$ cat upload.txt   # compact mmCIF, C-alpha atoms and all ligand atoms
# COMPACT_ATOMS: atom_id res chain seq x y z
CA MET A 185 -54.42 -39.13 -8.79
CA ARG A 186 -51.82 -36.39 -8.91
CA PRO A 187 -53.29 -33.21 -7.40
CA ARG A 188 -53.67 -30.67 -10.22
CA ALA A 189 -51.88 -27.91 -8.35
CA LEU A 190 -48.88 -30.10 -7.44
CA ARG A 191 -45.80 -28.71 -9.21
CA ALA A 192 -43.09 -30.82 -7.56
CA ARG A 193 -42.29 -34.39 -8.48
CA ILE A 194 -42.85 -36.97 -5.77
CA PHE A 195 -40.35 -39.80 -5.30
CA LEU A 196 -40.32 -42.77 -2.97
CA ASP A 197 -37.21 -43.17 -0.79
CA GLY A 198 -36.80 -46.90 -0.32
CA GLY A 199 -35.08 -50.10 -1.37
CA ASP A 200 -37.99 -52.49 -1.83
CA PRO A 201 -39.96 -52.67 -5.13
CA ALA A 202 -42.97 -54.01 -3.20
CA GLY A 203 -43.05 -50.59 -1.49
CA THR A 204 -42.99 -48.93 -4.91
CA ARG A 205 -46.12 -50.87 -5.88
CA ARG A 206 -47.90 -50.03 -2.62
CA VAL A 207 -47.16 -46.32 -2.97
CA GLN A 208 -48.24 -46.27 -6.62
CA ALA A 209 -51.51 -47.92 -5.64
CA ALA A 210 -52.12 -45.48 -2.77
CA LEU A 211 -51.14 -42.27 -4.58
CA GLY A 212 -52.28 -43.21 -8.07
CA PHE A 213 -48.96 -41.86 -9.41
CA LEU A 214 -45.24 -41.82 -8.58
CA ASP A 215 -42.54 -39.80 -10.33
CA GLY A 216 -39.43 -41.64 -9.23
CA GLN A 217 -37.50 -43.48 -6.56
CA THR A 218 -34.33 -42.88 -4.59
CA THR A 219 -32.22 -45.62 -3.05
CA ASN A 220 -29.05 -45.62 -0.98
CA PRO A 221 -26.77 -48.28 0.56
CA THR A 222 -28.64 -48.25 3.89
CA LEU A 223 -32.00 -48.65 2.19
CA MET A 224 -30.62 -51.49 0.04
CA ALA A 225 -29.35 -53.26 3.15
CA LYS A 226 -32.90 -53.08 4.55
CA SER A 227 -34.45 -54.41 1.32
CA PRO A 228 -36.17 -57.76 2.13
CA LEU A 229 -33.83 -60.03 0.17
CA ALA A 230 -30.71 -58.47 1.69
CA ALA A 231 -32.21 -58.19 5.16
CA ALA A 232 -33.22 -61.88 5.09
CA LYS A 233 -29.75 -62.90 3.97
CA LEU A 234 -28.15 -60.87 6.78
CA ALA A 235 -30.60 -62.26 9.34
CA GLU A 236 -29.52 -65.79 8.37
CA GLY A 237 -25.91 -64.79 8.83
CA GLY A 238 -25.33 -64.86 5.05
CA ARG A 239 -23.37 -62.40 2.92
CA PHE A 240 -23.06 -61.55 -0.77
CA THR A 241 -19.87 -61.78 -2.76
CA PRO A 242 -18.81 -58.39 -4.21
CA SER A 243 -20.27 -59.31 -7.60
CA GLU A 244 -23.46 -60.80 -6.12
CA VAL A 245 -24.19 -57.63 -4.19
CA MET A 246 -24.05 -55.56 -7.37
CA ASP A 247 -26.24 -58.13 -9.16
CA PHE A 248 -28.74 -57.78 -6.32
CA TYR A 249 -28.72 -53.96 -6.55
CA ARG A 250 -29.08 -54.13 -10.35
CA GLN A 251 -32.01 -56.52 -10.10
CA VAL A 252 -33.83 -54.24 -7.63
CA ALA A 253 -33.07 -51.13 -9.71
CA ARG A 254 -34.40 -52.85 -12.84
CA GLU A 255 -37.60 -53.82 -11.11
CA MET A 256 -38.11 -50.22 -9.90
CA ALA A 257 -37.27 -48.83 -13.34
CA GLY A 258 -39.88 -51.14 -14.87
CA LEU A 259 -42.49 -49.90 -12.39
CA ILE A 260 -41.68 -46.22 -13.02
CA PRO A 261 -40.59 -46.19 -16.68
CA GLU A 262 -41.31 -42.49 -17.16
CA GLY A 263 -39.68 -41.52 -13.87
CA SER A 264 -36.19 -41.50 -12.43
CA VAL A 265 -34.48 -44.09 -10.24
CA SER A 266 -31.46 -42.97 -8.21
CA ILE A 267 -28.74 -45.59 -7.72
CA GLU A 268 -25.88 -44.79 -5.37
CA VAL A 269 -22.21 -45.39 -6.05
CA PRO A 270 -20.83 -47.34 -3.07
CA ALA A 271 -18.21 -44.93 -1.76
CA ASP A 272 -16.26 -43.92 1.31
CA ARG A 273 -13.83 -41.09 2.08
CA ASP A 274 -11.07 -42.87 0.16
CA THR A 275 -12.99 -43.55 -3.05
CA SER A 276 -11.27 -41.68 -5.86
CA ALA A 277 -12.94 -39.69 -8.62
CA GLU A 278 -11.74 -42.27 -11.15
CA GLU A 279 -13.38 -45.09 -9.21
CA MET A 280 -16.63 -43.13 -8.94
CA ILE A 281 -16.58 -42.35 -12.66
CA GLY A 282 -16.10 -46.04 -13.52
CA GLN A 283 -18.83 -47.15 -11.11
CA GLY A 284 -21.13 -44.33 -12.18
CA ARG A 285 -20.91 -45.26 -15.86
CA SER A 286 -21.64 -48.85 -15.06
CA LEU A 287 -24.64 -48.08 -12.78
CA PHE A 288 -26.02 -45.64 -15.36
CA ALA A 289 -26.07 -48.44 -17.95
CA TRP A 290 -28.24 -50.69 -15.76
CA ILE A 291 -31.53 -48.94 -16.58
CA PRO A 292 -32.71 -46.28 -19.03
CA ASN A 293 -33.93 -43.85 -16.35
CA ALA A 294 -31.07 -43.80 -13.82
CA HIS A 295 -29.63 -40.91 -11.86
CA VAL A 296 -26.27 -41.87 -10.35
CA LYS A 297 -25.90 -40.76 -6.73
CA LEU A 298 -22.51 -39.38 -5.76
CA PRO A 299 -21.45 -37.89 -2.42
CA ILE A 300 -20.51 -34.21 -2.18
CA THR A 301 -16.80 -34.75 -1.60
CA ARG A 302 -13.95 -33.38 -3.72
CA ALA A 303 -13.81 -36.72 -5.56
CA GLY A 304 -17.60 -36.78 -5.93
CA LEU A 305 -17.64 -33.29 -7.46
CA GLU A 306 -14.83 -34.18 -9.84
CA ALA A 307 -16.67 -37.35 -10.84
CA ALA A 308 -19.90 -35.40 -11.32
CA LYS A 309 -18.19 -32.93 -13.62
CA ALA A 310 -16.77 -35.73 -15.78
CA LEU A 311 -19.95 -37.83 -15.79
CA VAL A 312 -22.20 -34.88 -16.66
CA ALA A 313 -19.92 -34.10 -19.62
CA GLN A 314 -20.47 -37.70 -20.75
CA GLY A 315 -24.25 -37.33 -20.59
CA VAL A 316 -24.73 -39.24 -17.32
CA ARG A 317 -27.51 -37.98 -15.01
CA VAL A 318 -26.37 -37.45 -11.41
CA ASN A 319 -27.92 -36.93 -7.97
CA MET A 320 -25.48 -35.25 -5.59
CA THR A 321 -26.21 -36.58 -2.13
CA LEU A 322 -25.40 -35.97 1.53
CA CYS A 323 -25.84 -32.22 1.18
CA PHE A 324 -25.88 -30.36 4.50
CA THR A 325 -24.76 -26.84 3.62
CA GLN A 326 -25.68 -24.11 1.17
CA GLU A 327 -22.01 -23.83 0.19
CA GLN A 328 -22.00 -27.51 -0.87
CA ALA A 329 -25.02 -26.73 -3.05
CA ALA A 330 -23.13 -23.84 -4.65
CA ALA A 331 -20.20 -26.18 -5.36
CA VAL A 332 -22.54 -28.70 -7.01
CA TYR A 333 -24.01 -25.92 -9.15
CA ALA A 334 -20.52 -24.85 -10.25
CA ALA A 335 -19.19 -28.38 -10.84
CA THR A 336 -22.12 -29.30 -13.08
CA ALA A 337 -22.35 -26.04 -15.06
CA GLY A 338 -23.58 -26.67 -18.58
CA ALA A 339 -25.65 -29.75 -17.66
CA GLY A 340 -28.85 -30.35 -19.59
CA PRO A 341 -32.39 -30.04 -18.20
CA GLY A 342 -33.14 -32.65 -15.54
CA GLN A 343 -29.59 -34.00 -15.62
CA VAL A 344 -28.54 -32.92 -12.11
CA PHE A 345 -30.32 -33.33 -8.77
CA ILE A 346 -29.07 -32.19 -5.37
CA SER A 347 -30.25 -33.94 -2.22
CA PRO A 348 -30.17 -31.87 0.99
CA PHE A 349 -30.96 -34.05 4.03
CA ILE A 350 -33.57 -32.33 6.21
CA GLY A 351 -34.05 -34.88 9.00
CA ARG A 352 -30.39 -35.31 9.82
CA LEU A 353 -30.03 -31.56 10.40
CA ASP A 354 -33.12 -31.63 12.62
CA ASP A 355 -31.56 -34.57 14.50
CA ARG A 356 -28.86 -32.25 15.77
CA GLY A 357 -31.18 -29.36 16.55
CA GLU A 358 -30.89 -27.36 13.31
CA ASN A 359 -33.89 -26.55 11.14
CA GLY A 360 -33.27 -28.66 8.04
CA LEU A 361 -36.09 -26.96 6.14
CA ASP A 362 -34.09 -23.71 6.34
CA LEU A 363 -31.46 -25.37 4.16
CA ILE A 364 -34.12 -26.16 1.54
CA ALA A 365 -35.24 -22.51 1.69
CA GLY A 366 -31.65 -21.26 1.44
CA ILE A 367 -30.72 -23.43 -1.55
CA ALA A 368 -33.99 -22.57 -3.34
CA ARG A 369 -33.30 -18.86 -2.84
CA MET A 370 -29.68 -19.16 -3.95
CA TYR A 371 -30.55 -21.25 -7.03
CA ALA A 372 -33.28 -18.75 -7.99
CA GLY A 373 -30.39 -16.52 -9.08
CA GLY A 374 -28.97 -19.27 -11.33
CA ASP A 375 -29.87 -20.92 -14.63
CA GLY A 376 -31.97 -23.75 -13.16
CA HIS A 377 -29.67 -26.61 -14.20
CA VAL A 378 -29.75 -28.24 -10.73
CA ALA A 379 -33.07 -29.62 -9.45
CA LEU A 380 -33.59 -29.34 -5.70
CA LEU A 381 -34.58 -32.74 -4.29
CA ALA A 382 -35.62 -32.58 -0.63
CA ALA A 383 -34.45 -35.75 1.16
CA SER A 384 -34.29 -37.25 4.65
CA VAL A 385 -37.97 -36.40 5.01
CA ARG A 386 -39.33 -37.81 8.24
CA GLY A 387 -42.98 -36.71 8.37
CA GLN A 388 -45.78 -34.57 6.93
CA GLY A 389 -44.17 -31.36 8.22
CA HIS A 390 -40.99 -31.95 6.21
CA PHE A 391 -42.97 -33.16 3.22
CA LEU A 392 -45.44 -30.26 3.04
CA GLY A 393 -42.77 -27.78 4.13
CA SER A 394 -40.54 -28.83 1.20
CA LEU A 395 -43.44 -28.42 -1.22
CA ALA A 396 -44.24 -24.99 0.21
CA LEU A 397 -40.60 -23.89 -0.12
CA GLY A 398 -40.57 -24.77 -3.82
CA ALA A 399 -38.50 -27.97 -3.89
CA ASP A 400 -38.51 -29.39 -7.42
CA ILE A 401 -38.66 -32.96 -6.10
CA VAL A 402 -39.48 -34.41 -2.70
CA THR A 403 -38.44 -37.96 -1.85
CA ALA A 404 -40.09 -39.53 1.17
CA PRO A 405 -40.30 -42.93 2.82
CA GLU A 406 -43.30 -45.18 2.19
CA SER A 407 -44.85 -44.38 5.59
CA VAL A 408 -44.90 -40.63 4.84
CA LEU A 409 -46.39 -41.09 1.37
CA LEU A 410 -49.04 -43.52 2.58
CA ASP A 411 -49.94 -41.09 5.35
CA TRP A 412 -50.20 -38.27 2.79
CA ALA A 413 -52.49 -40.48 0.65
CA GLU A 414 -54.63 -41.31 3.67
CA LYS A 415 -55.06 -37.59 4.37
CA GLY A 416 -56.29 -37.08 0.78
CA LEU A 417 -53.03 -35.73 -0.80
CA PRO A 418 -53.34 -32.23 0.71
CA LEU A 419 -51.09 -29.47 -0.60
CA PRO A 420 -49.67 -26.68 1.56
CA GLY A 421 -51.02 -23.16 1.19
CA PRO A 422 -48.61 -20.26 0.63
CA GLU A 423 -48.51 -19.57 4.36
CA TYR A 424 -47.69 -23.15 5.35
CA ALA A 425 -44.97 -23.40 7.98
CA CYS A 426 -43.74 -26.58 9.60
CA GLU A 427 -43.55 -26.33 13.40
CA SER A 428 -39.86 -25.78 14.20
CA SER A 429 -39.77 -23.71 17.39
CA ASP A 430 -37.38 -26.13 19.08
CA LEU A 431 -34.87 -26.02 16.21
CA ARG A 432 -32.06 -23.51 15.61
CA PRO A 433 -32.51 -21.55 12.37
CA ILE A 434 -29.95 -21.95 9.57
CA ALA A 435 -29.21 -18.47 8.21
CA PHE A 436 -29.26 -17.74 4.47
CA LEU A 437 -25.78 -17.03 3.10
CA ASP A 438 -25.21 -14.76 0.14
CA ILE A 439 -22.94 -17.11 -1.82
CA PRO A 440 -22.12 -16.32 -5.46
CA LEU A 441 -22.70 -19.22 -7.86
CA ALA A 442 -20.03 -18.14 -10.33
CA ARG A 443 -16.90 -19.40 -8.56
CA ARG A 444 -14.85 -22.46 -9.54
CA PRO A 445 -16.00 -25.59 -7.65
CA GLU A 446 -12.75 -25.90 -5.71
CA GLU A 447 -13.19 -22.38 -4.30
CA TYR A 448 -16.14 -23.45 -2.14
CA ASP A 449 -15.70 -24.90 1.33
CA ILE A 450 -17.61 -28.20 1.10
CA SER A 451 -16.64 -29.56 4.52
CA SER A 452 -19.43 -30.97 6.71
CA ASP A 453 -19.12 -33.45 9.54
CA LEU A 454 -22.60 -34.71 8.66
CA THR A 455 -21.43 -35.57 5.14
CA ASP A 456 -18.47 -37.46 6.64
CA GLN A 457 -20.71 -39.31 9.09
CA GLY A 458 -23.26 -40.07 6.38
CA LEU A 459 -20.58 -41.54 4.13
CA GLU A 460 -19.31 -43.71 6.97
CA ARG A 461 -22.79 -44.97 7.74
CA PHE A 462 -23.55 -45.79 4.10
CA ALA A 463 -20.21 -47.57 3.68
CA SER A 464 -20.65 -49.57 6.86
CA ASP A 465 -24.22 -50.67 5.98
CA TRP A 466 -23.10 -51.61 2.48
CA ASN A 467 -19.96 -53.44 3.58
CA ALA A 468 -21.98 -55.46 6.11
CA LEU A 469 -23.68 -57.10 3.10
CA ILE A 470 -20.43 -58.35 1.63
CA ALA A 471 -18.27 -61.34 2.60
CA ARG A 472 -14.62 -60.28 2.50
O1 LIG A 501 -33.05 -39.63 0.99
C1 LIG A 501 -32.04 -39.79 1.92
C2 LIG A 501 -32.58 -40.54 3.06
O2 LIG A 501 -32.73 -41.87 2.71
C3 LIG A 501 -31.85 -40.39 4.31
O3 LIG A 501 -32.85 -40.41 5.25
O4 LIG A 501 -33.89 -40.75 7.41
O5 LIG A 501 -31.67 -41.82 6.87
O6 LIG A 501 -31.84 -39.38 7.24
P1 LIG A 501 -32.54 -40.59 6.79

$ encode --input "upload.txt" --output "structure tokens"
Amino acid sequence: MRPRALRARIFLDGGDPAGTRRVQAALGFLDGQTTNPTLMAKSPLAAAKLAEGGRFTPSEVMDFYRQVAREMAGLIPEGSVSIEVPADRDTSAEEMIGQGRSLFAWIPNAHVKLPITRAGLEAAKALVAQGVRVNMTLCFTQEQAAAVYAATAGAGPGQVFISPFIGRLDDRGENGLDLIAGIARMYAGGDGHVALLAASVRGQGHFLGSLALGADIVTAPESVLLDWAEKGLPLPGPEYACESSDLRPIAFLDIPLARRPEEYDISSDLTDQGLERFASDWNALIAR
């Protein structure tokens, strides 16, 4: 059962609908699901195919993704399912717009995931104007979050998510939860059209820390959600702080939200590396 005091929505981060069922059974609720190319490559059907040395054709791989997304959407009909546009550094805005429209039509409750690149922001602007819901992913800086806010100005309620990746900042010694805090503080001065979705959550500290910092949505892997259920679905108190003494703080930046999207510096080596990893995991599924 959803704890009464829980304000955030809880999503599962994973590519296997069997995991969706297990988490729903353990939690007694689930508000949505996020997927990405790496998670899809680990999904049992794809993983088994790869293990046998098999590959999908380009159209089969999209059929596979659509089938999994439909199964998830059926399990969480009132929630949201994020489906990622397969992209790399060279994918143009036009390609992302075409892919995004097609992915959005797969299920009634899709958010289309786009990377925070110049092309991704341009695609987001166009797709949002067409009524498509988007989830802007691979966010590693507050300035990227400001650019997403600006590029999607005018979006409707619930139409835009932003996914800052906590764990990958921690991986290089920076306190990823500080980015959640910084974006939440910056967005508090805005109109609320971008929902803050804490991602790359690796354990209870990230999960409870994101809730305590006021994330609108937290997506977490099955293991983290099952662990939370086992502990009795505890919620953090106002003083909750995740242990982070071995991590370097990320300072809050006073960035105005009113600039044009192209005026923000959206560069991040972690975004570049993340895109490469997603593209490589996705391309490994496909026979060329
Ligand atoms: O939600 C994004 C997530 O799937 C990335 O997590 O653990 O690969 O950094 P991770």

$ residues_around --input "upload.txt" --residues "Ser394 of chain A" --least-positions-apart "6" --cutoff "8 Å" --atoms "all atoms listed in the file" --output "number ranges by chain"
A: 361, 364, 382, 402

$ residues_near_ligand --input "upload.txt" --ligand "ligand LIG 501 (chain A)" --cutoff "6 Å" --atoms "all atoms listed in the file" --output "NGL selection string"
:A and (197 or 351-352 or 383-384)

$ atom_distance --input "upload.txt" --atom1 "atom CA of Asp355 of chain A" --atom2 "atom CA of Asn467 of chain A"
24.7 Å

$ closest_atom_pairs --input "upload.txt" --of "segment 271-383 of chain A" --to "segment 448-460 of chain A" --cutoff "8 Å" --atoms "only C-alpha atoms" --output "JSON lines"
{"residue": "A:Ala271", "atom": "CA", "partner": "A:Leu459", "partner_atom": "CA", "distance": 7.2}
{"residue": "A:Asp272", "atom": "CA", "partner": "A:Leu459", "partner_atom": "CA", "distance": 5.7}
{"residue": "A:Arg273", "atom": "CA", "partner": "A:Leu459", "partner_atom": "CA", "distance": 7.1}
{"residue": "A:Pro299", "atom": "CA", "partner": "A:Leu459", "partner_atom": "CA", "distance": 7.5}
{"residue": "A:Ile300", "atom": "CA", "partner": "A:Ile450", "partner_atom": "CA", "distance": 7.4}
{"residue": "A:Thr301", "atom": "CA", "partner": "A:Ile450", "partner_atom": "CA", "distance": 7.1}
{"residue": "A:Arg302", "atom": "CA", "partner": "A:Ile450", "partner_atom": "CA", "distance": 8.0}
{"residue": "A:Leu322", "atom": "CA", "partner": "A:Thr455", "partner_atom": "CA", "distance": 5.4}
{"residue": "A:Cys323", "atom": "CA", "partner": "A:Thr455", "partner_atom": "CA", "distance": 6.8}
{"residue": "A:Phe324", "atom": "CA", "partner": "A:Ser452", "partner_atom": "CA", "distance": 6.8}
{"residue": "A:Thr325", "atom": "CA", "partner": "A:Ser452", "partner_atom": "CA", "distance": 7.4}
{"residue": "A:Glu327", "atom": "CA", "partner": "A:Ile450", "partner_atom": "CA", "distance": 6.3}
{"residue": "A:Gln328", "atom": "CA", "partner": "A:Ile450", "partner_atom": "CA", "distance": 4.9}
{"residue": "A:Ala330", "atom": "CA", "partner": "A:Tyr448", "partner_atom": "CA", "distance": 7.4}
{"residue": "A:Ala331", "atom": "CA", "partner": "A:Tyr448", "partner_atom": "CA", "distance": 5.9}
{"residue": "A:Arg352", "atom": "CA", "partner": "A:Leu454", "partner_atom": "CA", "distance": 7.9}

$ residues_around --input "upload.txt" --residues "Glu358 of chain A" --least-positions-apart "6" --cutoff "9 Å" --atoms "all atoms listed in the file" --output "list in words"
Arg352, Asp430, Leu431, Arg432, Pro433 and Ile434 of chain A

$ closest_residue --input "upload.txt" --among "A:Gly238, A:Gly203, A:Pro221, A:Gly216" --to "Ala471 of chain A" --atoms "all atoms listed in the file"
A:Gly238

$ residues_around --input "upload.txt" --residues "Leu234 of chain A" --least-positions-apart "4" --cutoff "10 Å" --atoms "all atoms listed in the file" --output "PyMOL selection string"
chain A and resi 225-226+228-230+238-240+468-470

$ closest_residue --input "upload.txt" --among "A:Val252, A:Leu363, A:Ile350, A:Leu441" --to "Ala337 of chain A" --atoms "all atoms listed in the file"
A:Leu441

$ atom_distance --input "upload.txt" --atom1 "atom CA of Ala294 of chain A" --atom2 "atom CA of Glu278 of chain A"
19.6 Å

$ closest_residue --input "upload.txt" --among "A:Met185, A:Val385, A:Leu395, A:Ala253" --to "Ser347 of chain A" --atoms "only C-alpha atoms"
A:Val385

$ closest_residue --input "upload.txt" --among "A:Glu268, A:Glu406, A:Asp465, A:Asp438" --to "Leu211 of chain A" --atoms "only C-alpha atoms"
A:Glu406

$ residues_around --input "upload.txt" --residues "Arg386 of chain A" --least-positions-apart "2" --cutoff "8 Å" --atoms "all atoms listed in the file" --output "NGL selection string"
:A and (351 or 384 or 388 or 390-391 or 404-405 or 408)

$ residues_near_point --input "upload.txt" --point "(-35.2, -22.1, -3.3)" --cutoff "10 Å" --atoms "all atoms listed in the file" --output "PyMOL selection string"
chain A and resi 362-373+379-380+394+397-400

$ decode --input "upload.txt" --residues "segment 229-239 of chain A" --atoms "all heavy atoms" --output "tab-separated table (two decimals), in the first residue's frame"
chain	number	residue	atom	x	y	z
A	229	LEU	N	14.40	-11.63	-22.89
A	229	LEU	CA	14.32	-12.10	-24.28
A	229	LEU	C	15.55	-11.65	-25.08
A	229	LEU	O	16.17	-12.44	-25.80
A	229	LEU	CB	13.04	-11.54	-24.93
A	229	LEU	CG	12.78	-11.95	-26.36
A	229	LEU	CD1	12.61	-13.46	-26.48
A	229	LEU	CD2	11.52	-11.24	-26.89
A	230	ALA	N	15.95	-10.40	-24.89
A	230	ALA	CA	17.11	-9.87	-25.61
A	230	ALA	C	18.39	-10.51	-25.09
A	230	ALA	O	19.27	-10.90	-25.87
A	230	ALA	CB	17.18	-8.36	-25.46
A	231	ALA	N	18.48	-10.63	-23.77
A	231	ALA	CA	19.70	-11.21	-23.18
A	231	ALA	C	19.88	-12.65	-23.66
A	231	ALA	O	21.00	-13.08	-23.98
A	231	ALA	CB	19.62	-11.14	-21.66
A	232	ALA	N	18.77	-13.41	-23.73
A	232	ALA	CA	18.86	-14.81	-24.18
A	232	ALA	C	19.31	-14.86	-25.63
A	232	ALA	O	20.15	-15.68	-26.01
A	232	ALA	CB	17.51	-15.49	-24.01
A	233	LYS	N	18.77	-13.97	-26.43
A	233	LYS	CA	19.13	-13.94	-27.85
A	233	LYS	C	20.63	-13.65	-28.01
A	233	LYS	O	21.33	-14.31	-28.78
A	233	LYS	CB	18.30	-12.88	-28.56
A	233	LYS	CG	18.21	-13.06	-30.04
A	233	LYS	CD	17.05	-12.25	-30.60
A	233	LYS	CE	17.02	-12.41	-32.10
A	233	LYS	NZ	15.84	-13.06	-32.61
A	234	LEU	N	21.11	-12.65	-27.24
A	234	LEU	CA	22.53	-12.31	-27.32
A	234	LEU	C	23.39	-13.46	-26.85
A	234	LEU	O	24.43	-13.76	-27.45
A	234	LEU	CB	22.83	-11.08	-26.44
A	234	LEU	CG	22.44	-9.71	-26.96
A	234	LEU	CD1	22.87	-8.64	-25.97
A	234	LEU	CD2	23.06	-9.45	-28.33
A	235	ALA	N	22.96	-14.12	-25.77
A	235	ALA	CA	23.74	-15.23	-25.21
A	235	ALA	C	23.89	-16.36	-26.22
A	235	ALA	O	24.90	-17.06	-26.25
A	235	ALA	CB	23.09	-15.74	-23.92
A	236	GLU	N	22.87	-16.52	-27.07
A	236	GLU	CA	22.94	-17.58	-28.11
A	236	GLU	C	23.69	-17.10	-29.34
A	236	GLU	O	23.74	-17.80	-30.35
A	236	GLU	CB	21.52	-17.96	-28.56
A	236	GLU	CG	20.71	-18.73	-27.54
A	236	GLU	CD	19.21	-18.66	-27.87
A	236	GLU	OE1	18.83	-18.17	-28.95
A	236	GLU	OE2	18.43	-19.10	-27.00
A	237	GLY	N	24.18	-15.90	-29.28
A	237	GLY	CA	24.90	-15.34	-30.43
A	237	GLY	C	23.97	-14.76	-31.47
A	237	GLY	O	24.39	-14.44	-32.58
A	238	GLY	N	22.67	-14.64	-31.14
A	238	GLY	CA	21.69	-14.12	-32.10
A	238	GLY	C	21.62	-12.60	-32.07
A	238	GLY	O	22.17	-11.96	-31.17
A	239	ARG	N	20.98	-12.03	-33.07
A	239	ARG	CA	20.78	-10.58	-33.15
A	239	ARG	C	19.39	-10.32	-33.74
A	239	ARG	O	18.82	-11.18	-34.40
A	239	ARG	CB	21.81	-9.94	-34.11
A	239	ARG	CG	23.26	-10.05	-33.67
A	239	ARG	CD	23.59	-9.01	-32.60
A	239	ARG	NE	25.02	-9.01	-32.32
A	239	ARG	CZ	25.64	-9.88	-31.53
A	239	ARG	NH1	24.95	-10.84	-30.93
A	239	ARG	NH2	26.94	-9.80	-31.32
